[in-house]
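Q: Dropping in my_file-v5.pdb, which is PDB, C-alpha atoms:
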ATOM      1  CA  MET A  19      96.322 100.812 107.650
ATOM      2  CA  LEU A  20      92.788 101.798 106.711
ATOM      3  CA  ASN A  21      91.897 101.649 103.051
ATOM      4  CA  LEU A  22      90.036 104.895 102.349
ATOM      5  CA  LYS A  23      88.660 103.510  99.092
ATOM      6  CA  LYS A  24      86.993 100.592 100.940
ATOM      7  CA  ILE A  25      85.611 102.906 103.609
ATOM      8  CA  VAL A  26      84.059 105.266 101.076
ATOM      9  CA  LEU A  27      83.091 102.819  98.321
ATOM     10  CA  ASN A  28      80.585 100.633 100.114
ATOM     11  CA  PRO A  29      76.784 100.771 100.081
ATOM     12  CA  ILE A  30      76.381 102.272 103.563
ATOM     13  CA  SER A  31      78.891 105.065 102.957
ATOM     14  CA  MET A  32      77.453 105.698  99.509
ATOM     15  CA  PHE A  33      73.955 106.015 101.001
ATOM     16  CA  ILE A  34      75.190 108.470 103.647
ATOM     17  CA  ILE A  35      77.129 110.490 101.056
ATOM     18  CA  GLY A  36      74.033 110.500  98.833
ATOM     19  CA  LEU A  37      71.903 111.714 101.757
ATOM     20  CA  LEU A  38      74.362 114.527 102.503
ATOM     21  CA  LEU A  39      74.704 115.571  98.864
ATOM     22  CA  GLY A  40      70.920 115.612  98.503
ATOM     23  CA  ILE A  41      70.631 118.039 101.410
ATOM     24  CA  ILE A  42      73.535 120.167 100.213
ATOM     25  CA  SER A  43      72.204 120.233  96.653
ATOM     26  CA  ARG A  44      68.737 121.371  97.712
ATOM     27  CA  LEU A  45      70.058 124.014 100.109
ATOM     28  CA  LEU A  46      72.361 125.353  97.404
ATOM     29  CA  ASP A  47      69.355 125.524  95.073
ATOM     30  CA  ILE A  48      67.634 127.713  97.645
ATOM     31  CA  TYR A  49      70.481 129.933  98.808
ATOM     32  CA  THR A  50      72.876 130.194  95.848
ATOM     33  CA  GLN A  51      72.185 130.647  92.175
ATOM     34  CA  ASN A  52      75.357 129.264  90.584
ATOM     35  CA  LEU A  53      76.233 126.344  92.860
ATOM     36  CA  GLY A  54      72.607 125.307  92.993
ATOM     37  CA  ASN A  55      72.474 125.249  89.193
ATOM     38  CA  ILE A  56      75.523 123.024  88.972
ATOM     39  CA  LEU A  57      74.218 120.429  91.424
ATOM     40  CA  SER A  58      70.724 120.432  89.941
ATOM     41  CA  GLN A  59      71.836 119.362  86.488
ATOM     42  CA  MET A  60      72.609 115.909  85.196
ATOM     43  CA  ALA A  61      76.269 116.421  84.190
ATOM     44  CA  ILE A  62      77.596 116.620  87.749
ATOM     45  CA  TRP A  63      75.690 113.486  88.753
ATOM     46  CA  ILE A  64      77.061 111.703  85.700
ATOM     47  CA  LEU A  65      80.549 112.687  86.889
ATOM     48  CA  PHE A  66      79.852 111.476  90.454
ATOM     49  CA  GLY A  67      78.380 108.223  89.128
ATOM     50  CA  THR A  68      81.327 107.723  86.806
ATOM     51  CA  LEU A  69      83.810 108.168  89.657
ATOM     52  CA  ILE A  70      81.902 105.830  91.958
ATOM     53  CA  SER A  71      81.692 103.225  89.202
ATOM     54  CA  ILE A  72      85.253 103.268  87.888
ATOM     55  CA  TYR A  73      86.811 103.290  91.349
ATOM     56  CA  SER A  74      84.668 100.399  92.601
ATOM     57  CA  GLU A  75      86.546  97.096  92.791
ATOM     58  CA  SER A  76      84.259  95.190  90.434
ATOM     59  CA  LYS A  77      81.238  95.613  88.176
ATOM     60  CA  LYS A  78      79.060  94.108  90.886
ATOM     61  CA  LYS A  79      80.388  96.524  93.523
ATOM     62  CA  ALA A  80      79.894  99.450  91.148
ATOM     63  CA  MET A  81      76.257  98.426  90.790
ATOM     64  CA  ILE A  82      75.839  97.931  94.533
ATOM     65  CA  ASN A  83      77.523 101.261  95.384
ATOM     66  CA  ILE A  84      75.703 103.535  92.969
ATOM     67  CA  PHE A  85      72.120 102.620  93.814
ATOM     68  CA  PRO A  86      72.172 103.672  97.514
ATOM     69  CA  PHE A  87      74.047 106.829  96.527
ATOM     70  CA  CYS A  88      71.303 107.838  94.078
ATOM     71  CA  ILE A  89      68.444 106.841  96.368
ATOM     72  CA  GLY A  90      69.989 108.679  99.336
ATOM     73  CA  MET A  91      70.418 111.813  97.258
ATOM     74  CA  LEU A  92      66.840 111.705  96.006
ATOM     75  CA  LEU A  93      65.330 111.054  99.436
ATOM     76  CA  THR A  94      66.931 114.027 101.116
ATOM     77  CA  TYR A  95      66.752 116.365  98.131
ATOM     78  CA  TYR A  96      62.992 116.029  97.861
ATOM     79  CA  ALA A  97      62.481 115.810 101.635
ATOM     80  CA  VAL A  98      64.222 119.180 101.993
ATOM     81  CA  ALA A  99      62.230 120.489  99.019
ATOM     82  CA  MET A 100      58.988 119.508 100.773
ATOM     83  CA  ILE A 101      60.097 120.930 104.140
ATOM     84  CA  THR A 102      61.127 124.236 102.569
ATOM     85  CA  GLU A 103      58.039 124.267 100.347
ATOM     86  CA  GLY A 104      60.304 124.395  97.321
ATOM     87  CA  VAL A 105      59.224 124.174  93.732
ATOM     88  CA  TYR A 106      59.541 120.777  92.115
ATOM     89  CA  SER A 107      57.430 118.757  89.734
ATOM     90  CA  ASN A 108      56.214 115.181  89.796
ATOM     91  CA  ILE A 109      57.737 114.708  86.332
ATOM     92  CA  THR A 110      61.162 115.678  87.686
ATOM     93  CA  ILE A 111      60.802 113.321  90.638
ATOM     94  CA  ILE A 112      59.739 110.488  88.331
ATOM     95  CA  GLY A 113      62.621 111.211  85.937
ATOM     96  CA  TRP A 114      65.277 111.200  88.648
ATOM     97  CA  THR A 115      63.724 108.105  90.249
ATOM     98  CA  ILE A 116      63.845 106.228  86.953
ATOM     99  CA  PHE A 117      67.467 107.358  86.574
ATOM    100  CA  ALA A 118      68.226 106.043  90.097
ATOM    101  CA  PHE A 119      66.650 102.651  89.391
ATOM    102  CA  PHE A 120      68.624 102.296  86.162
ATOM    103  CA  SER A 121      71.843 103.511  87.813
ATOM    104  CA  PRO A 122      73.136  99.983  88.607
ATOM    105  CA  ILE A 123      72.977  99.067  84.909
ATOM    106  CA  LEU A 124      74.686 102.337  84.012
ATOM    107  CA  ALA A 125      77.345 101.679  86.684
ATOM    108  CA  TYR A 126      77.988  98.216  85.215
ATOM    109  CA  PHE A 127      78.753  99.668  81.795
ATOM    110  CA  THR A 128      80.677 102.610  83.248
ATOM    111  CA  TRP A 129      82.955 100.230  85.163
ATOM    112  CA  ILE A 130      83.807  98.585  81.830
ATOM    113  CA  THR A 131      85.189 101.892  80.459
ATOM    114  CA  LYS A 132      88.511 101.278  82.185
ATOM    115  CA  GLU A 133      88.997  97.966  80.391
ATOM    116  CA  LYS A 134      90.880  97.509  77.116
ATOM    117  CA  GLY A 135      89.227  97.436  73.724
ATOM    118  CA  ILE A 136      86.947  99.402  71.479
ATOM    119  CA  PHE A 137      83.694  98.723  73.368
ATOM    120  CA  PRO A 138      84.915 100.516  76.540
ATOM    121  CA  LYS A 139      85.922 103.522  74.403
ATOM    122  CA  ILE A 140      82.497 103.600  72.764
ATOM    123  CA  ILE A 141      80.849 103.553  76.199
ATOM    124  CA  SER A 142      83.146 106.387  77.347
ATOM    125  CA  ILE A 143      82.244 108.500  74.331
ATOM    126  CA  GLY A 144      78.561 107.783  75.007
ATOM    127  CA  ILE A 145      78.869 108.951  78.623
ATOM    128  CA  ILE A 146      80.461 112.213  77.536
ATOM    129  CA  LEU A 147      77.881 112.772  74.785
ATOM    130  CA  ILE A 148      75.003 112.137  77.198
ATOM    131  CA  SER A 149      76.537 114.641  79.612
ATOM    132  CA  ILE A 150      76.873 117.261  76.870
ATOM    133  CA  PHE A 151      73.433 116.685  75.357
ATOM    134  CA  SER A 152      71.693 116.597  78.753
ATOM    135  CA  SER A 153      73.110 120.054  79.452
ATOM    136  CA  ILE A 154      72.023 121.398  76.077
ATOM    137  CA  ILE A 155      68.613 119.740  75.767
ATOM    138  CA  LEU A 156      67.380 119.310  79.354
ATOM    139  CA  PHE A 157      69.013 122.305  81.010
ATOM    140  CA  ASP A 158      68.830 125.040  78.381
ATOM    141  CA  GLY A 159      72.430 125.311  77.295
ATOM    142  CA  TYR A 160      76.065 124.447  77.690
ATOM    143  CA  ARG A 161      77.852 126.515  80.355
ATOM    144  CA  ILE A 162      81.441 126.912  81.510
ATOM    145  CA  TYR A 163      80.929 124.502  84.396
ATOM    146  CA  ASP A 164      79.655 121.920  81.899
ATOM    147  CA  VAL A 165      82.937 122.274  80.012
ATOM    148  CA  ILE A 166      84.846 121.680  83.257
ATOM    149  CA  ILE A 167      82.695 118.682  84.228
ATOM    150  CA  ASP A 168      83.027 117.158  80.767
ATOM    151  CA  GLY A 169      86.774 117.827  80.813
ATOM    152  CA  LEU A 170      86.949 115.870  84.080
ATOM    153  CA  LEU A 171      84.910 113.071  82.518
ATOM    154  CA  ILE A 172      87.339 112.922  79.588
ATOM    155  CA  TYR A 173      90.283 112.822  82.000
ATOM    156  CA  PHE A 174      88.855 110.038  84.163
ATOM    157  CA  LEU A 175      87.491 107.984  81.282
ATOM    158  CA  PHE A 176      90.371 108.268  78.808
ATOM    159  CA  ILE A 177      93.525 109.350  80.643
ATOM    160  CA  LYS A 178      93.477 108.377  84.326
ATOM    161  CA  LYS A 179      94.771 104.866  85.028
ATOM    162  CA  ILE A 180      92.838 102.898  87.649
ATOM    163  CA  LYS A 181      94.458 100.024  89.521
ATOM    164  CA  ARG A 182      92.205  96.999  89.736
TER     165      ARG A 182
END
Rewrite the structure of this file - the entire thing - as structure tokens.
A:
Amino acid sequence: MLNLKKIVLNPISMFIIGLLLGIISRLLDIYTQNLGNILSQMAIWILFGTLISIYSESKKKAMINIFPFCIGMLLTYYAVAMITEGVYSNITIIGWTIFAFFSPILAYFTWITKEKGIFPKIISIGIILISIFSSIILFDGYRIYDVIIDGLLIYFLFIKKIKR
């Protein structure tokens, strides 16, 4: 029997999924107001990164899985932006690129959130706070979809049990 988790959570699949989500995200930015807004903000990518990290089999695999996901997303997002002559800034590209290069370190700590102890809980709280504050500070306010995303983060970080 095929293990869906192993098929999806590997660097090649993560890169392909990142490529596809980059295209989808940019096209939604162009053709839809609401969905484009959701996928252009940090909170949803924090949720995706959290899920990739906590469901990876080890800290090392979390680190190895998240980087190609982020790079794939960035490559196609900005490639589509250039092709469609979309508006984007060099500062935004640099910011997201820095985020992508630090994503393995973030994945390492995110993987730890499903362990026992106070340190994993502190990390979990930090992830949620960063998600909330990024919406407020970087993206001009906290919206209903941010509440939903952060509710999902709380569920996956504090409630959902992960078999390891």
Q: Leaving out A:Leu38 and any residue of its chain fewer than 2 positions from it, which residues lie within 9 Å of it when counting all atoms listed in the file, given as a PDB file with C-alpha atoms, in the frame of the given file?
A:
ATOM      1  CA  PHE A  33      73.955 106.015 101.001  1.00  0.00           C
ATOM      2  CA  ILE A  34      75.190 108.470 103.647  1.00  0.00           C
ATOM      3  CA  ILE A  35      77.129 110.490 101.056  1.00  0.00           C
ATOM      4  CA  GLY A  36      74.033 110.500  98.833  1.00  0.00           C
ATOM      5  CA  GLY A  40      70.920 115.612  98.503  1.00  0.00           C
ATOM      6  CA  ILE A  41      70.631 118.039 101.410  1.00  0.00           C
ATOM      7  CA  ILE A  42      73.535 120.167 100.213  1.00  0.00           C
ATOM      8  CA  SER A  43      72.204 120.233  96.653  1.00  0.00           C
ATOM      9  CA  GLY A  90      69.989 108.679  99.336  1.00  0.00           C
ATOM     10  CA  MET A  91      70.418 111.813  97.258  1.00  0.00           C
ATOM     11  CA  THR A  94      66.931 114.027 101.116  1.00  0.00           C
ATOM     12  CA  TYR A  95      66.752 116.365  98.131  1.00  0.00           C
TER      13      TYR A  95
END
Q: Convert the output of the PyMOL selection byres ((chain A and resi 96-111) around 12) on the shown file into explicit residues, formatted as a VMD selection string.
A: chain A and resid 37 to 49 58 to 60 89 to 95 112 to 118 156
Q: Just so the selection is clear, what residues does the PyMOL selection byres ((chain A and resi 157) around 12) cover here, as a ChimeraX atom specification?
A: /A:55-61,149-156,158-161,164
Q: Just to confirm, what's the straight-line distance from atom CA of A:Ser76 to atom CA of A:Lys179 in Å (one decimal)?
A: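 Atom CA of A:Lys179 lies 15.3 Å from atom CA of A:Ser76.
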Q: Quick one: residues within 12 Å of A:Ala80, only C-alpha atoms counted, chain neighbours fewer than 6 positions away excluded, as a VMD selection string?
A: chain A and resid 27 to 29 32 67 to 74 86 to 87 121 to 130
Q: Just to be explicit: take each residue in the selection above, keep C-alpha atoms, and write the result as an mmCIF file, in the coordinates of the input.
A:
data_model
loop_
_atom_site.group_PDB
_atom_site.id
_atom_site.type_symbol
_atom_site.label_atom_id
_atom_site.label_comp_id
_atom_site.auth_asym_id
_atom_site.auth_seq_id
_atom_site.Cartn_x
_atom_site.Cartn_y
_atom_site.Cartn_z
ATOM 1 C CA LEU A 27 83.091 102.819 98.321
ATOM 2 C CA ASN A 28 80.585 100.633 100.114
ATOM 3 C CA PRO A 29 76.784 100.771 100.081
ATOM 4 C CA MET A 32 77.453 105.698 99.509
ATOM 5 C CA GLY A 67 78.380 108.223 89.128
ATOM 6 C CA THR A 68 81.327 107.723 86.806
ATOM 7 C CA LEU A 69 83.810 108.168 89.657
ATOM 8 C CA ILE A 70 81.902 105.830 91.958
ATOM 9 C CA SER A 71 81.692 103.225 89.202
ATOM 10 C CA ILE A 72 85.253 103.268 87.888
ATOM 11 C CA TYR A 73 86.811 103.290 91.349
ATOM 12 C CA SER A 74 84.668 100.399 92.601
ATOM 13 C CA PRO A 86 72.172 103.672 97.514
ATOM 14 C CA PHE A 87 74.047 106.829 96.527
ATOM 15 C CA SER A 121 71.843 103.511 87.813
ATOM 16 C CA PRO A 122 73.136 99.983 88.607
ATOM 17 C CA ILE A 123 72.977 99.067 84.909
ATOM 18 C CA LEU A 124 74.686 102.337 84.012
ATOM 19 C CA ALA A 125 77.345 101.679 86.684
ATOM 20 C CA TYR A 126 77.988 98.216 85.215
ATOM 21 C CA PHE A 127 78.753 99.668 81.795
ATOM 22 C CA THR A 128 80.677 102.610 83.248
ATOM 23 C CA TRP A 129 82.955 100.230 85.163
ATOM 24 C CA ILE A 130 83.807 98.585 81.830
#
Q: Hey, can you check how far atom CA of A:Ser142 sits from atom CA of A:Gly169?
A: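 If I compute the distance from atom CA of A:Ser142 to atom CA of A:Gly169, I get 12.5 Å.
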